[in-house]
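> upload-v2.txt is reproduced in full below (compact mmCIF, C-alpha atoms and all ligand atoms).
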# COMPACT_ATOMS: atom_id res chain seq x y z
CA MET G 1 91.20 124.88 46.86
CA LYS G 2 93.49 127.44 45.28
CA LYS G 3 91.77 130.13 47.31
CA GLN G 4 92.39 128.10 50.46
CA ILE G 5 96.07 127.71 49.60
CA ALA G 6 96.35 131.41 48.83
CA ALA G 7 94.63 132.25 52.11
CA ARG G 8 97.00 129.98 54.05
CA TYR G 9 99.99 131.49 52.26
CA LEU G 10 98.79 134.98 53.08
CA TRP G 11 98.36 133.94 56.69
CA ILE G 12 101.90 132.56 56.84
CA CYS G 13 103.24 135.76 55.30
CA THR G 14 101.33 137.84 57.79
CA LEU G 15 102.71 135.76 60.66
CA LEU G 16 106.28 136.04 59.38
CA LEU G 17 105.95 139.77 58.97
CA GLY G 18 104.51 139.97 62.45
CA LEU G 19 107.54 138.11 63.79
CA GLY G 20 109.81 140.74 62.30
CA ALA G 21 110.88 139.04 59.11
CA LEU G 22 112.23 141.61 56.70
CA SER G 23 110.26 140.29 53.77
CA CYS G 24 107.88 137.56 52.88
CA GLU G 25 110.57 135.21 51.62
CA ILE G 26 109.63 131.84 52.98
CA MET G 27 112.71 130.04 51.71
CA PRO G 28 115.54 132.55 51.21
CA ASP G 29 118.39 130.10 51.83
CA PRO G 30 118.72 127.04 49.57
CA ASP G 31 119.85 124.91 52.48
CA GLN G 32 117.47 126.29 55.02
CA ASP G 33 114.63 123.91 55.68
CA ILE G 34 111.06 125.10 55.51
CA SER G 35 109.38 126.01 58.73
CA ASP G 36 107.13 123.70 60.71
CA LEU G 37 104.24 125.93 59.76
CA LEU G 38 104.93 125.57 56.08
CA GLU G 39 105.46 121.82 56.50
CA GLN G 40 101.98 121.62 57.94
CA THR G 41 100.58 123.58 55.01
CA LEU G 42 102.33 121.36 52.52
CA ALA G 43 101.22 118.22 54.32
CA GLU G 44 97.64 119.35 53.95
CA ASP G 45 98.21 120.00 50.26
CA ASN G 46 99.80 116.57 49.88
CA ALA G 47 96.75 115.00 51.42
CA ASP G 48 94.54 116.60 48.80
CA LEU G 49 94.58 114.30 45.82
CA SER G 50 92.87 116.91 43.66
CA ILE G 51 96.13 118.86 43.44
CA VAL G 52 98.16 117.27 40.69
CA HIS G 53 100.84 119.33 39.07
CA SER G 54 102.73 116.75 37.10
CA CYS G 55 105.30 117.83 34.57
CA VAL G 56 105.77 116.04 31.27
CA GLU G 57 109.15 115.33 29.72
CA LYS G 58 109.33 116.42 26.10
CA HIS G 59 111.40 114.48 23.62
CA LEU G 60 112.30 115.15 20.03
CA GLU G 61 110.16 113.41 17.48
CA GLY G 62 111.60 110.00 16.62
CA ASP G 63 113.88 109.99 19.67
CA ASP G 64 113.50 106.53 21.21
CA HIS G 65 114.67 107.87 24.53
CA LEU G 66 113.74 104.83 26.57
CA ARG G 67 115.96 102.47 24.62
CA THR G 68 118.93 104.53 23.65
CA ALA G 69 121.69 105.64 25.97
CA ALA G 70 121.26 109.15 24.68
CA LEU G 71 120.67 111.18 27.80
CA ARG G 72 124.33 111.68 28.54
CA THR G 73 124.74 113.14 25.07
CA LYS G 74 122.12 115.75 25.89
CA LEU G 75 124.24 117.41 28.57
CA TRP G 76 125.56 120.89 27.98
CA ALA G 77 129.28 121.60 28.10
CA VAL G 78 130.78 122.07 31.54
CA GLY G 79 130.95 125.78 32.27
CA GLN G 80 128.59 126.66 29.45
CA VAL G 81 126.61 129.87 29.47
CA ILE G 82 123.01 128.95 28.64
CA ARG G 83 120.84 131.87 27.63
CA VAL G 84 117.24 131.87 28.86
CA LYS G 85 114.40 133.99 27.52
CA PHE G 86 110.69 134.31 28.23
CA MET G 87 108.54 134.04 25.11
CA ASP G 88 105.34 135.19 26.83
CA SER G 89 104.76 138.35 28.78
CA LEU G 90 104.80 138.14 32.56
CA SER G 91 105.16 140.52 35.47
CA SER G 92 108.61 141.56 36.65
CA PRO G 93 108.11 140.03 40.12
CA LEU G 94 107.15 136.66 38.61
CA ARG G 95 110.07 136.84 36.19
CA LEU G 96 112.46 137.49 39.06
CA ARG G 97 111.01 134.68 41.19
CA ILE G 98 111.46 132.17 38.36
CA GLU G 99 114.97 133.40 37.62
CA LYS G 100 115.97 133.18 41.27
CA ALA G 101 114.64 129.63 41.56
CA ALA G 102 116.30 128.45 38.34
CA ARG G 103 119.66 129.90 39.25
CA GLU G 104 119.77 127.82 42.42
CA TRP G 105 121.15 125.07 40.15
CA GLU G 106 124.22 127.27 39.55
CA LEU G 107 125.28 126.67 43.14
CA TYR G 108 125.80 122.98 42.39
CA ALA G 109 126.32 122.79 38.61
CA ASN G 110 129.07 124.50 36.67
CA VAL G 111 126.79 126.20 34.17
CA ARG G 112 125.53 129.77 33.98
CA LEU G 113 121.90 130.57 33.28
CA GLN G 114 121.93 133.98 31.63
CA PHE G 115 118.45 135.46 31.47
CA VAL G 116 118.11 137.76 28.47
CA ARG G 117 115.30 140.02 27.30
CA ARG G 118 115.94 139.78 23.56
CA GLY G 119 118.09 138.04 20.99
CA LYS G 120 118.96 134.37 20.82
CA ALA G 121 118.43 132.05 23.73
CA GLU G 122 118.90 128.31 24.09
CA ILE G 123 116.08 127.92 26.62
CA ARG G 124 112.83 129.63 25.64
CA ILE G 125 110.06 129.68 28.22
CA GLY G 126 106.32 129.96 27.70
CA LEU G 127 103.57 130.36 30.26
CA SER G 128 100.63 128.83 28.45
CA PRO G 129 98.09 127.62 31.02
CA ARG G 130 96.63 125.12 28.58
CA GLU G 131 99.80 123.08 28.22
CA GLY G 132 100.75 122.20 31.77
CA SER G 133 104.43 122.33 32.65
CA TRP G 134 107.05 120.61 30.58
CA SER G 135 110.59 120.88 29.26
CA TYR G 136 112.76 119.39 26.60
CA MET G 137 115.77 117.48 27.83
CA GLY G 138 119.14 119.24 27.86
CA ARG G 139 120.66 120.07 24.49
CA ASP G 140 117.60 118.79 22.63
CA ALA G 141 116.56 122.44 22.82
CA LEU G 142 119.16 123.21 20.15
CA TYR G 143 117.31 121.10 17.57
CA LEU G 144 114.09 123.10 17.80
CA ASP G 145 113.06 126.05 15.70
CA SER G 146 114.35 129.22 17.32
CA LEU G 147 110.78 130.52 17.69
CA SER G 148 109.59 127.37 19.48
CA LYS G 149 109.37 127.10 23.22
CA THR G 150 111.66 124.64 24.94
CA MET G 151 109.92 124.86 28.32
CA ASN G 152 106.50 125.82 29.63
CA PHE G 153 105.11 126.73 33.04
CA GLY G 154 101.42 125.96 32.92
CA TRP G 155 100.27 126.95 36.38
CA PHE G 156 102.31 130.01 37.33
CA THR G 157 100.56 133.26 38.14
CA ASP G 158 101.50 136.23 40.28
CA ARG G 159 99.63 134.54 43.12
CA THR G 160 101.50 131.25 42.97
CA PRO G 161 103.33 130.72 46.29
CA ASP G 162 107.12 130.83 46.30
CA TYR G 163 107.43 127.19 47.31
CA GLU G 164 105.52 126.09 44.20
CA ILE G 165 107.45 128.46 41.91
CA ARG G 166 110.66 127.07 43.33
CA ARG G 167 109.62 123.41 43.11
CA THR G 168 108.40 123.51 39.53
CA THR G 169 111.19 125.79 38.28
CA LEU G 170 113.90 123.59 39.79
CA HIS G 171 112.20 120.54 38.27
CA GLU G 172 111.88 121.96 34.76
CA PHE G 173 115.39 123.35 34.75
CA GLY G 174 116.54 119.93 35.98
CA HIS G 175 115.18 118.55 32.71
CA ALA G 176 116.76 121.42 30.81
CA LEU G 177 120.12 120.39 32.30
CA GLY G 178 119.49 116.79 31.21
CA LEU G 179 117.86 115.12 34.21
CA ILE G 180 115.16 112.47 33.78
CA HIS G 181 112.21 111.78 36.05
CA GLU G 182 113.45 110.01 39.14
CA HIS G 183 110.40 107.76 39.45
CA GLN G 184 111.45 106.27 36.10
CA ASN G 185 114.86 105.39 37.47
CA PRO G 186 115.45 101.70 36.68
CA LEU G 187 116.48 101.15 40.29
CA GLN G 188 113.10 102.08 41.74
CA ASN G 189 110.67 99.32 42.60
CA ILE G 190 107.39 101.12 43.23
CA GLN G 191 104.53 98.68 43.62
CA TRP G 192 101.95 100.63 41.65
CA ASP G 193 98.25 99.84 41.93
CA VAL G 194 98.11 100.11 38.16
CA GLU G 195 94.39 100.53 37.55
CA LYS G 196 94.08 103.13 40.30
CA VAL G 197 96.94 105.07 38.76
CA TYR G 198 95.26 105.09 35.36
CA THR G 199 92.02 106.34 36.94
CA TYR G 200 93.77 108.93 39.08
CA TYR G 201 95.65 110.54 36.20
CA ALA G 202 92.68 110.31 33.84
CA GLN G 203 90.54 112.23 36.32
CA SER G 204 93.14 114.71 37.53
CA GLN G 205 95.20 115.32 34.38
CA GLY G 206 93.07 114.00 31.56
CA TRP G 207 95.84 111.57 30.68
CA SER G 208 95.29 108.49 28.54
CA ARG G 209 96.61 105.11 29.63
CA GLN G 210 99.41 105.63 27.13
CA ASP G 211 100.31 108.94 28.79
CA VAL G 212 100.49 107.21 32.16
CA ASP G 213 102.62 104.41 30.73
CA GLN G 214 104.94 106.99 29.24
CA ASN G 215 105.23 109.27 32.26
CA LEU G 216 105.09 106.85 35.16
CA PHE G 217 105.47 103.17 34.42
CA ARG G 218 108.18 103.06 31.81
CA LYS G 219 111.66 102.96 33.23
CA TYR G 220 114.81 104.17 31.62
CA SER G 221 117.42 101.56 30.82
CA SER G 222 120.14 101.06 33.39
CA SER G 223 122.69 102.48 30.96
CA GLN G 224 120.91 105.83 31.28
CA THR G 225 120.57 105.88 35.05
CA GLN G 226 121.31 109.40 36.12
CA PHE G 227 121.70 108.64 39.79
CA CYS G 228 123.70 105.90 41.42
CA ARG G 229 120.77 104.99 43.60
CA TYR G 230 117.05 105.57 43.66
CA ASP G 231 116.33 108.87 45.40
CA PRO G 232 112.70 109.38 46.47
CA LEU G 233 113.65 112.85 47.76
CA SER G 234 114.74 114.07 44.32
CA ILE G 235 113.18 117.23 42.92
CA MET G 236 112.74 115.15 39.76
CA HIS G 237 110.31 112.72 41.43
CA TYR G 238 106.52 112.93 41.08
CA SER G 239 104.55 112.75 44.27
CA VAL G 240 103.23 109.23 44.83
CA PRO G 241 100.08 109.13 46.96
CA LYS G 242 99.98 105.99 49.08
CA GLN G 243 96.52 105.29 47.70
CA LEU G 244 98.22 104.48 44.40
CA THR G 245 100.61 101.83 45.68
CA LEU G 246 99.95 98.28 46.82
CA ASP G 247 102.20 98.45 49.86
CA GLY G 248 101.43 101.92 51.22
CA PHE G 249 104.65 103.39 49.85
CA GLU G 250 104.37 107.11 49.20
CA VAL G 251 106.45 110.06 48.09
CA ARG G 252 105.39 113.54 49.11
CA TRP G 253 105.93 116.53 46.85
CA ASN G 254 109.60 117.38 47.01
CA TYR G 255 110.13 121.12 47.21
CA LEU G 256 113.90 121.27 47.57
CA LEU G 257 116.95 119.89 45.81
CA SER G 258 117.91 116.68 47.59
CA VAL G 259 121.44 115.87 48.69
CA GLU G 260 121.68 113.45 45.77
CA ASP G 261 120.34 116.06 43.32
CA LYS G 262 123.14 118.42 44.31
CA SER G 263 125.76 115.69 44.27
CA PHE G 264 124.71 114.27 40.92
CA ILE G 265 124.47 117.57 39.07
CA GLY G 266 127.89 118.42 40.47
CA ARG G 267 129.31 115.26 38.91
CA MET G 268 127.71 116.07 35.56
CA TYR G 269 128.82 119.72 35.62
CA PRO G 270 131.86 119.75 37.91
CA PHE G 271 133.54 122.94 39.09
CA LYS G 272 136.84 121.05 39.24
CA GLY G 273 138.11 118.10 37.27
CA PRO G 274 136.42 116.09 34.54
CA ARG G 275 132.77 115.16 34.28
CA LEU G 276 132.18 111.94 36.21
CA THR G 277 129.90 109.43 34.53
CA THR G 278 130.42 106.59 36.97
CA CYS G 279 129.25 106.20 40.53
CA PRO G 280 131.69 107.17 43.29
ZN ZN A 1 109.30 116.53 34.77
Now that the file is in, can you turn its structure into C-alpha cells?

Amino acid sequence: MKKQIAARYLWICTLLLGLGALSCEIMPDPDQDISDLLEQTLAEDNADLSIVHSCVEKHLEGDDHLRTAALRTKLWAVGQVIRVKFMDSLSSPLRLRIEKAAREWELYANVRLQFVRRGKAEIRIGLSPREGSWSYMGRDALYLDSLSKTMNFGWFTDRTPDYEIRRTTLHEFGHALGLIHEHQNPLQNIQWDVEKVYTYYAQSQGWSRQDVDQNLFRKYSSSQTQFCRYDPLSIMHYSVPKQLTLDGFEVRWNYLLSVEDKSFIGRMYPFKGPRLTTCP
C-alpha cells in the first residue's frame, strides 16, 4: 500500500511539474486548499482501513489528566520562545519539511518555535519507528529528563508525502502547545460501535482494550474543554471510519488546521491582549 501511495504521489508531482509548477510543493500556502487530484488520492487512502496512523498522547506518570483541570496549566507563556531539537539523525530535507510544518502554528499562536542543532531544547524529537507518533502535552516537557524525548514521529521517512508530514507534525505540535485530542472533547457524541472499535485498533495498532479506552472513549471533563464546540475538522481529531459508528457518522483524516484550530490557539496564545480562557 505504501508503494501505491508513493507511486500516486510521484504521479501527482510529475503532473504538477508538467503543468509548470516551480517545485513539487503540493501545499505551499497554509490557507490554500488541496487540489481535487490530491483530494481524490486522500479519499482513496481514507477508504483503506489498513492505514492507521494514530498518535498517542503522553502524560506524566501519576498525572490523572482526565479528572483534573490541569491542561490549562500546561500552556507555555504567551510569546515564549520554545527551542526544538532532533535527538535522532535525519536528512536535511526531512528536517526542513518537519520544521516548516511545525512553524505553521506560529501564524496563529504567539509563540516561536526555534529549531536548534545543539544545546538545551524544551521539545526534543525522536524518529523511532517502533514507537509510533506521540507527544507530551505542553509544559509537561519541562518535567522530563533533558536527555528524554518529548515527541516522536514513528512513520516519517524521506519518502513520506508532504501532506502526511504536515498532518502529523501539526498534530504533534498541537499537543506540544497543550491541545488535547478533539475526539475526546466532552461535547462530542460519537456513537461508537464499541466492539468493532476494539477489534479495529487491536488489528491495526496492536492496542489493548485499555489503550482504546484511553485514546478514544474517555472524554476530558468539561472544565478542560479546549474548544467551545466540538470540531470534527480539527487537526487534533482521529479519523473515524463510518464502519466504526452505529449511525454512519465518520470523520476523514484532517490534513489542515481547521478554522476553529486557528481561532482557539489564537485565544490561548494571543498576539494582542490577554489569554482568553472563556468562549467568545
Ligand atoms: Zn495525538
> Any residue with an atom at most 12 Å from ligand ZN 1 (chain A) counts, using all atoms listed in the file. Which are they? Put them as a PyMOL selection string.
chain G and resi 53-59+132-137+151-153+167-184+214-216+234-239
> Mind pulling up the distance from CA of Pro129 (chain G) to CA of Trp155 (chain G)?
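Answer for the CA of Trp155 (chain G) to CA of Pro129 (chain G) separation: 5.8 Å.
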> List the spatial neighbours of Gln188 (chain G) as a ChimeraX atom specification - criterion: any atom at most 12 Å away, only C-alpha atoms, same-chain residues fewer than 5 positions off excluded.
/G:181-183,216-222,225,227-232,237,249
> Store the residues picked out above, limited to C-alpha atoms, as a PDB file, in the frame of the given file.

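The result, written out as out.pdb:
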ATOM      1  CA  HIS G 181     112.210 111.780  36.050  1.00  0.00           C
ATOM      2  CA  GLU G 182     113.450 110.010  39.140  1.00  0.00           C
ATOM      3  CA  HIS G 183     110.400 107.760  39.450  1.00  0.00           C
ATOM      4  CA  LEU G 216     105.090 106.850  35.160  1.00  0.00           C
ATOM      5  CA  PHE G 217     105.470 103.170  34.420  1.00  0.00           C
ATOM      6  CA  ARG G 218     108.180 103.060  31.810  1.00  0.00           C
ATOM      7  CA  LYS G 219     111.660 102.960  33.230  1.00  0.00           C
ATOM      8  CA  TYR G 220     114.810 104.170  31.620  1.00  0.00           C
ATOM      9  CA  SER G 221     117.420 101.560  30.820  1.00  0.00           C
ATOM     10  CA  SER G 222     120.140 101.060  33.390  1.00  0.00           C
ATOM     11  CA  THR G 225     120.570 105.880  35.050  1.00  0.00           C
ATOM     12  CA  PHE G 227     121.700 108.640  39.790  1.00  0.00           C
ATOM     13  CA  CYS G 228     123.700 105.900  41.420  1.00  0.00           C
ATOM     14  CA  ARG G 229     120.770 104.990  43.600  1.00  0.00           C
ATOM     15  CA  TYR G 230     117.050 105.570  43.660  1.00  0.00           C
ATOM     16  CA  ASP G 231     116.330 108.870  45.400  1.00  0.00           C
ATOM     17  CA  PRO G 232     112.700 109.380  46.470  1.00  0.00           C
ATOM     18  CA  HIS G 237     110.310 112.720  41.430  1.00  0.00           C
ATOM     19  CA  PHE G 249     104.650 103.390  49.850  1.00  0.00           C
TER      20      PHE G 249
END
> For CA of Gln80 (chain G) and CA of Asn185 (chain G), determine how far apart the two atoms are, in Å to one decimal place.
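Between these atoms lies a distance of 26.6 Å.
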> Suppose you want the space between CA of Arg112 (chain G) and CA of Arg83 (chain G); what is it in Å?
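Spanning CA of Arg112 (chain G) to CA of Arg83 (chain G) is a straight-line distance of 8.2 Å.
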> Step by step, gather every atom of region 192-204 of chain G that the file lists, find the box along x, y and z that holds them, add 8 Å on each side, and finally give centre and edge lengths in Å to one decimal, as JSON.

{"center_x": 96.2, "center_y": 107.3, "center_z": 37.9, "size_x": 27.4, "size_y": 30.9, "size_z": 24.1}
> Counting only C-alpha atoms, which residue out of G:Tyr255, G:Lys85, G:Gly273, G:Thr160 sits closest to Arg118 (chain G)?
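Looking at the shortest contact to Arg118 (chain G), the residue is G:Lys85.
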> Could you tell me, as a list in words, which residues have any atom at most 9 Å from (113.6, 116.4, 54.1), counting only C-alpha atoms?
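Residues close enough to count: Asp33, Leu233, Asn254, Leu256 and Ser258 of chain G.
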> Rank G:Ile190, G:Val259, G:Ala202, G:Val78 by their smallest atom-to-atom distance to Asp247 (chain G), using only C-alpha atoms, and report the top residue only.
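Ranked by minimum distance to Asp247 (chain G), first place goes to G:Ile190.
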> In the coordinate frame of the file, compute which residues have an atom within 12 Å of (93.7, 110.0, 35.3) when using all atoms listed in the file, and state them as a ChimeraX atom specification.
/G:49-50,52,54,194-213,215-216,244
> Convert the current residue selection to file output with C-alpha atoms, as a tab-separated table (two decimals), keeping the file's coordinate frame.

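Result file is again_9.tsv:
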chain	number	residue	atom	x	y	z
G	49	LEU	CA	94.58	114.30	45.82
G	50	SER	CA	92.87	116.91	43.66
G	52	VAL	CA	98.16	117.27	40.69
G	54	SER	CA	102.73	116.75	37.10
G	194	VAL	CA	98.11	100.11	38.16
G	195	GLU	CA	94.39	100.53	37.55
G	196	LYS	CA	94.08	103.13	40.30
G	197	VAL	CA	96.94	105.07	38.76
G	198	TYR	CA	95.26	105.09	35.36
G	199	THR	CA	92.02	106.34	36.94
G	200	TYR	CA	93.77	108.93	39.08
G	201	TYR	CA	95.65	110.54	36.20
G	202	ALA	CA	92.68	110.31	33.84
G	203	GLN	CA	90.54	112.23	36.32
G	204	SER	CA	93.14	114.71	37.53
G	205	GLN	CA	95.20	115.32	34.38
G	206	GLY	CA	93.07	114.00	31.56
G	207	TRP	CA	95.84	111.57	30.68
G	208	SER	CA	95.29	108.49	28.54
G	209	ARG	CA	96.61	105.11	29.63
G	210	GLN	CA	99.41	105.63	27.13
G	211	ASP	CA	100.31	108.94	28.79
G	212	VAL	CA	100.49	107.21	32.16
G	213	ASP	CA	102.62	104.41	30.73
G	215	ASN	CA	105.23	109.27	32.26
G	216	LEU	CA	105.09	106.85	35.16
G	244	LEU	CA	98.22	104.48	44.40
> Given all atoms listed in the file as the basis, pick out the residue of G:Thr150, G:Thr277, G:Gln191, G:Ser91 nearest to Gly248 (chain G).
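Closest to Gly248 (chain G) of all the choices is G:Gln191.
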> Please rebuild region 202-218 of chain G with N, CA and C atoms and give the result as a JSON list (two decimals), in the frame of the given file.

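Contents of the output file part.json:
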[["chain", "number", "residue", "atom", "x", "y", "z"],
["G", 202, "ALA", "N", 93.73, 109.98, 34.81],
["G", 202, "ALA", "CA", 92.68, 110.31, 33.84],
["G", 202, "ALA", "C", 91.79, 111.40, 34.41],
["G", 203, "GLN", "N", 91.44, 111.26, 35.69],
["G", 203, "GLN", "CA", 90.54, 112.23, 36.32],
["G", 203, "GLN", "C", 91.24, 113.56, 36.63],
["G", 204, "SER", "N", 92.47, 113.49, 37.08],
["G", 204, "SER", "CA", 93.14, 114.71, 37.53],
["G", 204, "SER", "C", 93.87, 115.45, 36.41],
["G", 205, "GLN", "N", 94.38, 114.71, 35.43],
["G", 205, "GLN", "CA", 95.20, 115.32, 34.38],
["G", 205, "GLN", "C", 94.59, 115.16, 33.00],
["G", 206, "GLY", "N", 93.61, 114.29, 32.87],
["G", 206, "GLY", "CA", 93.07, 114.00, 31.56],
["G", 206, "GLY", "C", 94.00, 113.13, 30.73],
["G", 207, "TRP", "N", 94.86, 112.38, 31.39],
["G", 207, "TRP", "CA", 95.84, 111.57, 30.68],
["G", 207, "TRP", "C", 95.24, 110.25, 30.22],
["G", 208, "SER", "N", 95.65, 109.82, 29.04],
["G", 208, "SER", "CA", 95.29, 108.49, 28.54],
["G", 208, "SER", "C", 96.16, 107.45, 29.25],
["G", 209, "ARG", "N", 95.78, 106.17, 29.05],
["G", 209, "ARG", "CA", 96.61, 105.11, 29.63],
["G", 209, "ARG", "C", 98.02, 105.16, 29.04],
["G", 210, "GLN", "N", 98.10, 105.53, 27.77],
["G", 210, "GLN", "CA", 99.41, 105.63, 27.13],
["G", 210, "GLN", "C", 100.25, 106.74, 27.78],
["G", 211, "ASP", "N", 99.59, 107.86, 28.10],
["G", 211, "ASP", "CA", 100.31, 108.94, 28.79],
["G", 211, "ASP", "C", 100.87, 108.46, 30.13],
["G", 212, "VAL", "N", 100.04, 107.71, 30.86],
["G", 212, "VAL", "CA", 100.49, 107.21, 32.16],
["G", 212, "VAL", "C", 101.64, 106.23, 31.98],
["G", 213, "ASP", "N", 101.52, 105.35, 31.01],
["G", 213, "ASP", "CA", 102.62, 104.41, 30.73],
["G", 213, "ASP", "C", 103.91, 105.19, 30.47],
["G", 214, "GLN", "N", 103.76, 106.22, 29.66],
["G", 214, "GLN", "CA", 104.94, 106.99, 29.24],
["G", 214, "GLN", "C", 105.57, 107.75, 30.40],
["G", 215, "ASN", "N", 104.72, 108.35, 31.24],
["G", 215, "ASN", "CA", 105.23, 109.27, 32.26],
["G", 215, "ASN", "C", 105.45, 108.66, 33.64],
["G", 216, "LEU", "N", 104.91, 107.45, 33.84],
["G", 216, "LEU", "CA", 105.09, 106.85, 35.16],
["G", 216, "LEU", "C", 105.69, 105.45, 35.13],
["G", 217, "PHE", "N", 105.12, 104.59, 34.30],
["G", 217, "PHE", "CA", 105.47, 103.17, 34.42],
["G", 217, "PHE", "C", 106.74, 102.78, 33.67],
["G", 218, "ARG", "N", 106.99, 103.44, 32.56],
["G", 218, "ARG", "CA", 108.18, 103.06, 31.81],
["G", 218, "ARG", "C", 109.44, 103.50, 32.55]]
